[in-house]
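Asker: Coordinates in final-v6.txt, compact mmCIF, C-alpha atoms and all ligand atoms, are listed below.
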# COMPACT_ATOMS: atom_id res chain seq x y z
CA MET W 1 65.11 92.19 103.19
CA THR W 2 66.06 90.88 106.61
CA ASN W 3 66.08 93.11 109.63
CA ILE W 4 68.23 90.74 111.65
CA ILE W 5 71.55 92.51 112.10
CA LYS W 6 74.62 90.29 111.96
CA ILE W 7 77.99 91.33 113.33
CA SER W 8 81.06 90.08 111.49
CA PRO W 9 84.18 91.19 113.40
CA SER W 10 87.26 91.66 111.24
CA ILE W 11 90.56 90.32 112.60
CA LEU W 12 92.74 92.64 110.47
CA THR W 13 93.95 94.48 113.58
CA ALA W 14 94.23 91.36 115.77
CA ASP W 15 97.54 89.87 116.94
CA PHE W 16 98.56 87.85 113.89
CA GLY W 17 100.56 85.55 116.12
CA ARG W 18 97.40 84.45 117.91
CA LEU W 19 94.62 84.55 115.33
CA GLY W 20 93.12 81.26 116.45
CA GLU W 21 92.62 82.56 119.98
CA ALA W 22 91.25 85.85 118.62
CA VAL W 23 88.68 84.02 116.55
CA ALA W 24 87.66 81.72 119.40
CA GLU W 25 87.25 84.72 121.71
CA LEU W 26 85.05 86.55 119.19
CA GLU W 27 82.78 83.53 118.98
CA LYS W 28 82.50 83.50 122.80
CA CYS W 29 81.67 87.22 122.68
CA GLY W 30 78.64 86.62 120.46
CA ALA W 31 79.84 87.36 116.93
CA ASP W 32 77.61 86.00 114.15
CA MET W 33 80.50 85.28 111.77
CA ILE W 34 84.19 86.09 111.45
CA HIS W 35 85.42 88.49 108.76
CA LEU W 36 88.76 87.40 107.30
CA ASP W 37 90.47 90.13 105.30
CA VAL W 38 92.69 88.72 102.58
CA LEU W 39 94.96 91.33 101.00
CA ASP W 40 97.52 90.72 98.25
CA GLY W 41 99.48 93.98 98.65
CA GLN W 42 98.62 94.88 95.05
CA PHE W 43 94.86 95.43 94.83
CA ALA W 44 95.22 97.17 98.20
CA PRO W 45 98.26 97.89 100.36
CA THR W 46 99.13 95.41 103.10
CA MET W 47 99.42 91.66 102.72
CA THR W 48 97.71 89.35 105.18
CA PHE W 49 97.19 85.64 104.55
CA GLY W 50 95.90 83.08 102.05
CA PRO W 51 93.83 79.89 101.95
CA PRO W 52 95.98 77.94 104.46
CA MET W 53 95.09 80.44 107.19
CA VAL W 54 91.38 80.17 106.38
CA LYS W 55 91.69 76.39 106.65
CA ALA W 56 93.53 76.65 109.96
CA LEU W 57 91.07 79.10 111.50
CA LYS W 58 88.18 76.77 110.76
CA ASN W 59 89.51 74.65 113.62
CA TYR W 60 89.07 77.52 116.09
CA THR W 61 85.45 78.43 115.51
CA SER W 62 82.14 76.98 114.42
CA LEU W 63 81.05 80.40 113.13
CA PRO W 64 80.75 81.01 109.38
CA LEU W 65 83.95 82.44 107.87
CA ASP W 66 83.10 85.60 105.93
CA VAL W 67 86.15 85.82 103.65
CA HIS W 68 86.80 89.18 101.96
CA ILE W 69 89.43 88.91 99.24
CA MET W 70 90.96 92.24 98.30
CA VAL W 71 93.09 90.73 95.54
CA ASN W 72 93.71 91.24 91.85
CA THR W 73 92.20 88.64 89.47
CA PRO W 74 90.08 86.83 92.07
CA GLU W 75 89.21 84.33 89.30
CA ARG W 76 92.67 82.87 89.89
CA ILE W 77 92.29 82.20 93.61
CA ALA W 78 88.57 81.93 94.44
CA GLY W 79 88.68 78.13 94.14
CA ALA W 80 91.44 77.83 96.74
CA PHE W 81 89.43 79.85 99.27
CA ILE W 82 86.36 77.74 98.59
CA GLU W 83 88.50 74.61 99.12
CA ALA W 84 89.91 76.10 102.33
CA GLY W 85 86.42 76.35 103.81
CA ALA W 86 85.12 79.89 103.26
CA ASP W 87 81.40 80.05 104.08
CA ALA W 88 80.97 83.34 102.27
CA LEU W 89 83.46 84.60 99.70
CA THR W 90 83.38 88.26 98.71
CA PHE W 91 85.58 89.58 95.91
CA HIS W 92 85.94 93.08 94.48
CA ALA W 93 84.05 94.03 91.32
CA GLU W 94 86.97 96.33 90.41
CA ALA W 95 89.40 93.38 90.42
CA ALA W 96 87.54 90.86 88.26
CA ILE W 97 87.29 90.88 84.48
CA HIS W 98 84.81 88.01 84.65
CA ALA W 99 82.87 88.99 87.76
CA HIS W 100 79.71 87.07 86.88
CA ARG W 101 81.68 83.90 86.28
CA VAL W 102 83.30 84.23 89.72
CA VAL W 103 79.83 84.57 91.24
CA GLN W 104 78.76 81.41 89.41
CA GLN W 105 81.87 79.55 90.62
CA ILE W 106 81.25 80.54 94.26
CA ARG W 107 77.55 79.76 94.11
CA ALA W 108 78.20 76.40 92.41
CA ALA W 109 80.31 75.46 95.44
CA GLY W 110 77.25 76.04 97.62
CA ILE W 111 78.62 79.00 99.56
CA LYS W 112 77.50 82.62 99.71
CA ALA W 113 78.73 84.83 96.88
CA GLY W 114 79.56 88.43 97.76
CA VAL W 115 80.75 91.32 95.63
CA ALA W 116 82.48 94.34 97.16
CA LEU W 117 82.57 97.95 95.95
CA ASN W 118 85.32 100.40 96.88
CA PRO W 119 84.11 103.79 98.12
CA GLY W 120 84.69 105.43 94.73
CA THR W 121 82.96 102.75 92.67
CA PRO W 122 79.36 103.44 91.63
CA PRO W 123 76.75 100.73 92.34
CA GLU W 124 75.99 100.53 88.62
CA ALA W 125 79.22 98.52 88.34
CA ILE W 126 77.43 95.48 89.81
CA ALA W 127 73.92 96.05 88.41
CA TYR W 128 74.08 92.88 86.30
CA LEU W 129 75.31 90.77 89.21
CA LEU W 130 72.50 91.66 91.61
CA PRO W 131 70.10 88.84 90.66
CA ASP W 132 72.76 86.21 91.40
CA ILE W 133 74.56 87.33 94.54
CA ASP W 134 74.00 86.82 98.25
CA ILE W 135 75.93 89.80 99.64
CA VAL W 136 76.88 93.25 98.40
CA LEU W 137 79.74 94.53 100.53
CA VAL W 138 79.83 98.32 100.43
CA MET W 139 83.30 99.41 101.55
CA THR W 140 82.84 102.36 103.86
CA VAL W 141 86.61 102.97 103.94
CA ASN W 142 89.32 102.48 101.33
CA PRO W 143 90.61 98.92 101.61
CA GLY W 144 93.91 98.09 103.25
CA TYR W 145 93.77 99.09 106.89
CA GLY W 146 91.64 98.87 110.01
CA GLY W 147 90.93 101.84 112.24
CA GLN W 148 89.93 104.29 109.50
CA LYS W 149 86.96 106.70 109.56
CA LEU W 150 83.76 105.86 107.68
CA ILE W 151 83.40 107.82 104.41
CA PRO W 152 79.91 109.37 104.79
CA GLN W 153 78.76 109.33 101.18
CA THR W 154 79.13 105.52 101.07
CA LEU W 155 75.95 105.30 103.15
CA THR W 156 74.02 106.71 100.22
CA LYS W 157 75.36 103.81 98.16
CA VAL W 158 74.09 101.40 100.84
CA SER W 159 70.57 102.81 100.45
CA VAL W 160 70.70 102.67 96.65
CA VAL W 161 71.92 99.06 96.63
CA ARG W 162 69.34 98.05 99.26
CA SER W 163 66.53 99.60 97.21
CA TRP W 164 67.70 97.81 94.05
CA LEU W 165 67.95 94.48 95.90
CA ASP W 166 64.46 94.94 97.36
CA GLU W 167 63.24 94.88 93.76
CA ILE W 168 65.54 92.31 92.20
CA ASN W 169 66.84 89.98 94.94
CA PRO W 170 65.24 90.74 98.32
CA GLY W 171 66.97 87.82 100.06
CA ALA W 172 70.42 89.27 99.38
CA GLU W 173 72.06 91.33 102.11
CA VAL W 174 74.06 94.54 102.20
CA SER W 175 77.21 94.48 104.30
CA VAL W 176 79.25 97.53 105.34
CA ASP W 177 82.93 97.35 106.05
CA GLY W 178 85.17 99.99 107.61
CA GLY W 179 84.79 102.54 110.38
CA ILE W 180 81.75 100.79 111.88
CA ASN W 181 81.39 101.64 115.57
CA GLU W 182 78.67 102.52 118.09
CA ARG W 183 78.22 105.92 116.38
CA THR W 184 78.12 104.80 112.72
CA ALA W 185 76.34 101.45 113.17
CA PRO W 186 72.85 102.98 113.53
CA LEU W 187 73.45 105.09 110.40
CA ALA W 188 74.50 102.03 108.42
CA ILE W 189 71.51 100.01 109.62
CA GLU W 190 69.16 102.88 108.82
CA ALA W 191 70.68 103.03 105.31
CA GLY W 192 69.90 99.33 104.79
CA ALA W 193 72.90 97.32 105.97
CA SER W 194 72.14 94.02 107.73
CA ILE W 195 75.73 92.78 108.08
CA LEU W 196 78.15 95.02 109.96
CA VAL W 197 81.84 94.28 109.62
CA ALA W 198 83.60 95.79 112.60
CA GLY W 199 87.31 95.49 113.28
CA SER W 200 88.90 97.98 115.63
CA SER W 201 85.66 99.02 117.37
CA VAL W 202 85.24 95.42 118.59
CA LEU W 203 88.87 94.37 118.98
CA ASP W 204 89.79 97.53 120.92
CA ALA W 205 86.65 97.44 123.10
CA SER W 206 87.12 96.89 126.85
CA ASP W 207 84.23 94.42 126.65
CA LYS W 208 83.93 92.85 123.18
CA ALA W 209 80.61 91.15 123.98
CA VAL W 210 79.02 94.42 125.07
CA MET W 211 80.30 96.18 121.96
CA ILE W 212 78.99 93.45 119.65
CA GLU W 213 75.57 93.69 121.29
CA GLN W 214 75.65 97.48 121.08
CA LEU W 215 76.44 97.39 117.36
CA ARG W 216 73.63 94.89 116.81
CA GLN W 217 70.98 96.84 118.78
CA PRO W 218 72.04 100.47 118.47
CA GLN W 219 70.18 102.95 120.65
CA ARG W 220 69.13 105.82 118.41
C1 LIG V 301 89.83 97.02 105.29
C2 LIG V 301 89.06 95.78 105.67
C3 LIG V 301 88.07 96.04 106.78
C4 LIG V 301 88.73 96.55 108.05
C5 LIG V 301 87.69 97.08 109.00
O1 LIG V 301 90.60 96.75 104.16
O2 LIG V 301 88.34 95.28 104.58
O3 LIG V 301 87.38 94.82 107.06
O4 LIG V 301 89.45 95.53 108.66
O5 LIG V 301 88.38 97.59 110.10
P1 LIG V 301 87.72 98.76 110.99
O6 LIG V 301 86.39 98.22 111.46
O7 LIG V 301 88.71 98.96 112.11
O8 LIG V 301 87.56 99.96 110.10
ZN ZN V 302 86.97 93.52 105.00
Could you spell out this file's structure in structure tokens?

Answerer:
Amino acid sequence: MTNIIKISPSILTADFGRLGEAVAELEKCGADMIHLDVLDGQFAPTMTFGPPMVKALKNYTSLPLDVHIMVNTPERIAGAFIEAGADALTFHAEAAIHAHRVVQQIRAAGIKAGVALNPGTPPEAIAYLLPDIDIVLVMTVNPGYGGQKLIPQTLTKVSVVRSWLDEINPGAEVSVDGGINERTAPLAIEAGASILVAGSSVLDASDKAVMIEQLRQPQR
């Protein structure tokens, strides 16, 4: 288990007319990677963008692109996001009939394979994926929107998944996504998260660099 905390700002609430600038600014402000939320309007409300946007944003940052696909049948589209240049590709366990095969496909492409769990989904749903994945993304809000409040009981899931990974796949990381701010970051880290996805808390901050640092080194 790593205790290096990585901050992956989400651009879901950024100005969609200037995503390249938003991404470049986040790199300047010290982000460790950029979280790209892909939504198909079916698996979760809202539609955002597809592989062409991932490809385009690669030209605006040298940071790893942490692509989170909230889409039905990710089997269908994972290849296109790999092609587009995702450095980590996280799909939802609830959306894939052949989840393990999607993990194999992502891993075979040499990028990090992540599986996400909605707040209501028990961790048992991914028990048989744990040996083969790089990231478990525990959704701490229901997918679809930025600016929501963290659902407290999801932190218990973070601890459970972290304890399982410590046994089975200690190099894998737990990421939390939704409602992460200066108040909830220390709780998530304490529960076992080492990747913090933060959208509105960073994008709305008066000083993004200070906020990113604060999330990374929370004062208890
Ligand atoms: C929600 C997305 C999250 C969201 C986080 O569907 O997966 O990444 O953008 O936004 P905040 O940090 O504002 O809750
Ligand atoms: Zn996300």

Asker: Please identify the residues whose atoms come within 12 Å of ligand ZN 302 (chain V), using all atoms listed in the file, and report them as an MDAnalysis selection string.

Answerer: chainID W and resid 8:13 34:39 44 48 65:71 89:92 114:118 137:147 175:180 195:200

Asker: Please, what distance in Å, to one decimal, runs between atom O8 of ligand LIG 301 (chain V) and atom CA of W:Val136?

Answerer: 17.2 Å

Asker: Taking only C-alpha atoms and all ligand atoms into account, which of W:Glu75, W:Ile7, W:Pro123, W:Leu130 comes nearest ligand LIG 301 (chain V)?

Answerer: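 With only C-alpha atoms and all ligand atoms as the atom set, the closest residue is W:Ile7.
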
Asker: In Å to one decimal, how far is atom CA of W:Asn72 from atom CA of W:Leu26?

Answerer: 29.1 Å

Asker: What is the atom CA of W:Asp134-atom CA of W:Gln148 distance in Å, reported with one decimal?

Answerer: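 According to the coordinates, atom CA of W:Asp134 and atom CA of W:Gln148 are separated by 26.2 Å.
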
Asker: Counting all atoms listed in the file, figure out which residue out of W:Lys6, W:His100, W:Lys149, W:Arg18 gets nearest to ligand LIG 301 (chain V).

Answerer: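 Closest candidate: W:Lys149.
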
Asker: For W:Gly192, work out the shell of residues within 8 Å, counting all atoms listed in the file and skipping chain neighbours fewer than 6 positions away, then give it as a list of chain:residue names.

Answerer: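 Listing them by chain and then by number gives W:Val158, W:Ser159, W:Arg162, W:Val174.
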
Asker: Those selected residues, please, written with C-alpha atoms and delivered as a PDB file, keeping the file's coordinate frame.

Answerer:
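result.pdb, freshly written:
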ATOM      1  CA  VAL W 158      74.090 101.400 100.840  1.00  0.00           C
ATOM      2  CA  SER W 159      70.570 102.810 100.450  1.00  0.00           C
ATOM      3  CA  ARG W 162      69.340  98.050  99.260  1.00  0.00           C
ATOM      4  CA  VAL W 174      74.060  94.540 102.200  1.00  0.00           C
TER       5      VAL W 174
END

Asker: Could you check which of W:Val160, W:Ile97, W:Leu215, W:Leu63 is closest to ligand LIG 301 (chain V), using all atoms listed in the file?

Answerer: W:Leu215

Asker: Counting only C-alpha atoms and all ligand atoms, figure out which residue out of W:Leu203, W:Ala80, W:Ala193, W:Ala113 gets nearest to ligand LIG 301 (chain V).

Answerer: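 Of the candidates, the smallest distance to ligand LIG 301 (chain V) is held by W:Leu203.
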
Asker: For stretch 34-61 of chain W, where the input has fewer atoms than it should, I would like N, CA and C atoms rebuilt and written as a PDB file, in the frame of the given file.

Answerer:
ATOM      1  N   ILE W  34      82.860  85.481 111.311  1.00  0.00           N
ATOM      2  CA  ILE W  34      84.190  86.090 111.450  1.00  0.00           C
ATOM      3  C   ILE W  34      84.630  86.599 110.077  1.00  0.00           C
ATOM      4  N   HIS W  35      85.028  87.864 110.026  1.00  0.00           N
ATOM      5  CA  HIS W  35      85.420  88.490 108.760  1.00  0.00           C
ATOM      6  C   HIS W  35      86.924  88.352 108.585  1.00  0.00           C
ATOM      7  N   LEU W  36      87.331  87.608 107.556  1.00  0.00           N
ATOM      8  CA  LEU W  36      88.760  87.400 107.300  1.00  0.00           C
ATOM      9  C   LEU W  36      89.182  88.241 106.108  1.00  0.00           C
ATOM     10  N   ASP W  37      90.023  89.226 106.371  1.00  0.00           N
ATOM     11  CA  ASP W  37      90.470  90.130 105.300  1.00  0.00           C
ATOM     12  C   ASP W  37      91.715  89.584 104.632  1.00  0.00           C
ATOM     13  N   VAL W  38      91.560  89.222 103.364  1.00  0.00           N
ATOM     14  CA  VAL W  38      92.690  88.720 102.580  1.00  0.00           C
ATOM     15  C   VAL W  38      93.164  89.854 101.673  1.00  0.00           C
ATOM     16  N   LEU W  39      94.428  90.235 101.824  1.00  0.00           N
ATOM     17  CA  LEU W  39      94.960  91.330 101.000  1.00  0.00           C
ATOM     18  C   LEU W  39      96.230  90.852 100.300  1.00  0.00           C
ATOM     19  N   ASP W  40      96.359  91.217  99.023  1.00  0.00           N
ATOM     20  CA  ASP W  40      97.520  90.720  98.250  1.00  0.00           C
ATOM     21  C   ASP W  40      98.628  91.761  98.131  1.00  0.00           C
ATOM     22  N   GLY W  41      98.441  92.949  98.746  1.00  0.00           N
ATOM     23  CA  GLY W  41      99.480  93.980  98.650  1.00  0.00           C
ATOM     24  C   GLY W  41      99.538  94.636  97.292  1.00  0.00           C
ATOM     25  N   GLN W  42      98.655  94.229  96.374  1.00  0.00           N
ATOM     26  CA  GLN W  42      98.620  94.880  95.050  1.00  0.00           C
ATOM     27  C   GLN W  42      97.261  95.573  94.849  1.00  0.00           C
ATOM     28  N   PHE W  43      96.171  94.794  94.961  1.00  0.00           N
ATOM     29  CA  PHE W  43      94.860  95.430  94.830  1.00  0.00           C
ATOM     30  C   PHE W  43      94.709  96.505  95.905  1.00  0.00           C
ATOM     31  N   ALA W  44      95.226  96.195  97.089  1.00  0.00           N
ATOM     32  CA  ALA W  44      95.220  97.170  98.200  1.00  0.00           C
ATOM     33  C   ALA W  44      96.532  96.988  98.957  1.00  0.00           C
ATOM     34  N   PRO W  45      97.001  98.037  99.626  1.00  0.00           N
ATOM     35  CA  PRO W  45      98.260  97.890 100.360  1.00  0.00           C
ATOM     36  C   PRO W  45      98.084  96.846 101.471  1.00  0.00           C
ATOM     37  N   THR W  46      99.129  96.452 102.043  1.00  0.00           N
ATOM     38  CA  THR W  46      99.130  95.410 103.100  1.00  0.00           C
ATOM     39  C   THR W  46      98.961  94.022 102.479  1.00  0.00           C
ATOM     40  N   MET W  47      99.640  93.067 103.085  1.00  0.00           N
ATOM     41  CA  MET W  47      99.420  91.660 102.720  1.00  0.00           C
ATOM     42  C   MET W  47      99.014  90.933 103.997  1.00  0.00           C
ATOM     43  N   THR W  48      98.071  90.037 103.936  1.00  0.00           N
ATOM     44  CA  THR W  48      97.710  89.350 105.180  1.00  0.00           C
ATOM     45  C   THR W  48      97.981  87.854 105.054  1.00  0.00           C
ATOM     46  N   PHE W  49      97.000  87.090 104.591  1.00  0.00           N
ATOM     47  CA  PHE W  49      97.190  85.640 104.550  1.00  0.00           C
ATOM     48  C   PHE W  49      96.370  85.057 103.396  1.00  0.00           C
ATOM     49  N   GLY W  50      96.581  83.751 103.164  1.00  0.00           N
ATOM     50  CA  GLY W  50      95.900  83.080 102.050  1.00  0.00           C
ATOM     51  C   GLY W  50      95.057  81.908 102.535  1.00  0.00           C
ATOM     52  N   PRO W  51      94.721  81.023 101.627  1.00  0.00           N
ATOM     53  CA  PRO W  51      93.830  79.890 101.950  1.00  0.00           C
ATOM     54  C   PRO W  51      94.286  79.041 103.129  1.00  0.00           C
ATOM     55  N   PRO W  52      95.595  78.790 103.310  1.00  0.00           N
ATOM     56  CA  PRO W  52      95.980  77.940 104.460  1.00  0.00           C
ATOM     57  C   PRO W  52      95.525  78.519 105.803  1.00  0.00           C
ATOM     58  N   MET W  53      95.517  79.838 105.913  1.00  0.00           N
ATOM     59  CA  MET W  53      95.090  80.440 107.190  1.00  0.00           C
ATOM     60  C   MET W  53      93.578  80.255 107.383  1.00  0.00           C
ATOM     61  N   VAL W  54      92.841  80.380 106.277  1.00  0.00           N
ATOM     62  CA  VAL W  54      91.380  80.170 106.380  1.00  0.00           C
ATOM     63  C   VAL W  54      91.123  78.742 106.864  1.00  0.00           C
ATOM     64  N   LYS W  55      91.850  77.812 106.272  1.00  0.00           N
ATOM     65  CA  LYS W  55      91.690  76.390 106.650  1.00  0.00           C
ATOM     66  C   LYS W  55      92.016  76.190 108.129  1.00  0.00           C
ATOM     67  N   ALA W  56      93.086  76.810 108.561  1.00  0.00           N
ATOM     68  CA  ALA W  56      93.530  76.650 109.960  1.00  0.00           C
ATOM     69  C   ALA W  56      92.509  77.257 110.927  1.00  0.00           C
ATOM     70  N   LEU W  57      91.985  78.431 110.571  1.00  0.00           N
ATOM     71  CA  LEU W  57      91.070  79.100 111.500  1.00  0.00           C
ATOM     72  C   LEU W  57      89.739  78.376 111.635  1.00  0.00           C
ATOM     73  N   LYS W  58      89.434  77.534 110.667  1.00  0.00           N
ATOM     74  CA  LYS W  58      88.180  76.770 110.760  1.00  0.00           C
ATOM     75  C   LYS W  58      88.188  75.876 111.995  1.00  0.00           C
ATOM     76  N   ASN W  59      89.410  75.536 112.443  1.00  0.00           N
ATOM     77  CA  ASN W  59      89.510  74.650 113.620  1.00  0.00           C
ATOM     78  C   ASN W  59      89.282  75.401 114.932  1.00  0.00           C
ATOM     79  N   TYR W  60      89.187  76.738 114.851  1.00  0.00           N
ATOM     80  CA  TYR W  60      89.070  77.520 116.090  1.00  0.00           C
ATOM     81  C   TYR W  60      87.680  78.085 116.307  1.00  0.00           C
ATOM     82  N   THR W  61      86.793  77.879 115.331  1.00  0.00           N
ATOM     83  CA  THR W  61      85.450  78.430 115.510  1.00  0.00           C
ATOM     84  C   THR W  61      84.440  77.611 114.713  1.00  0.00           C
TER      85      THR W  61
END
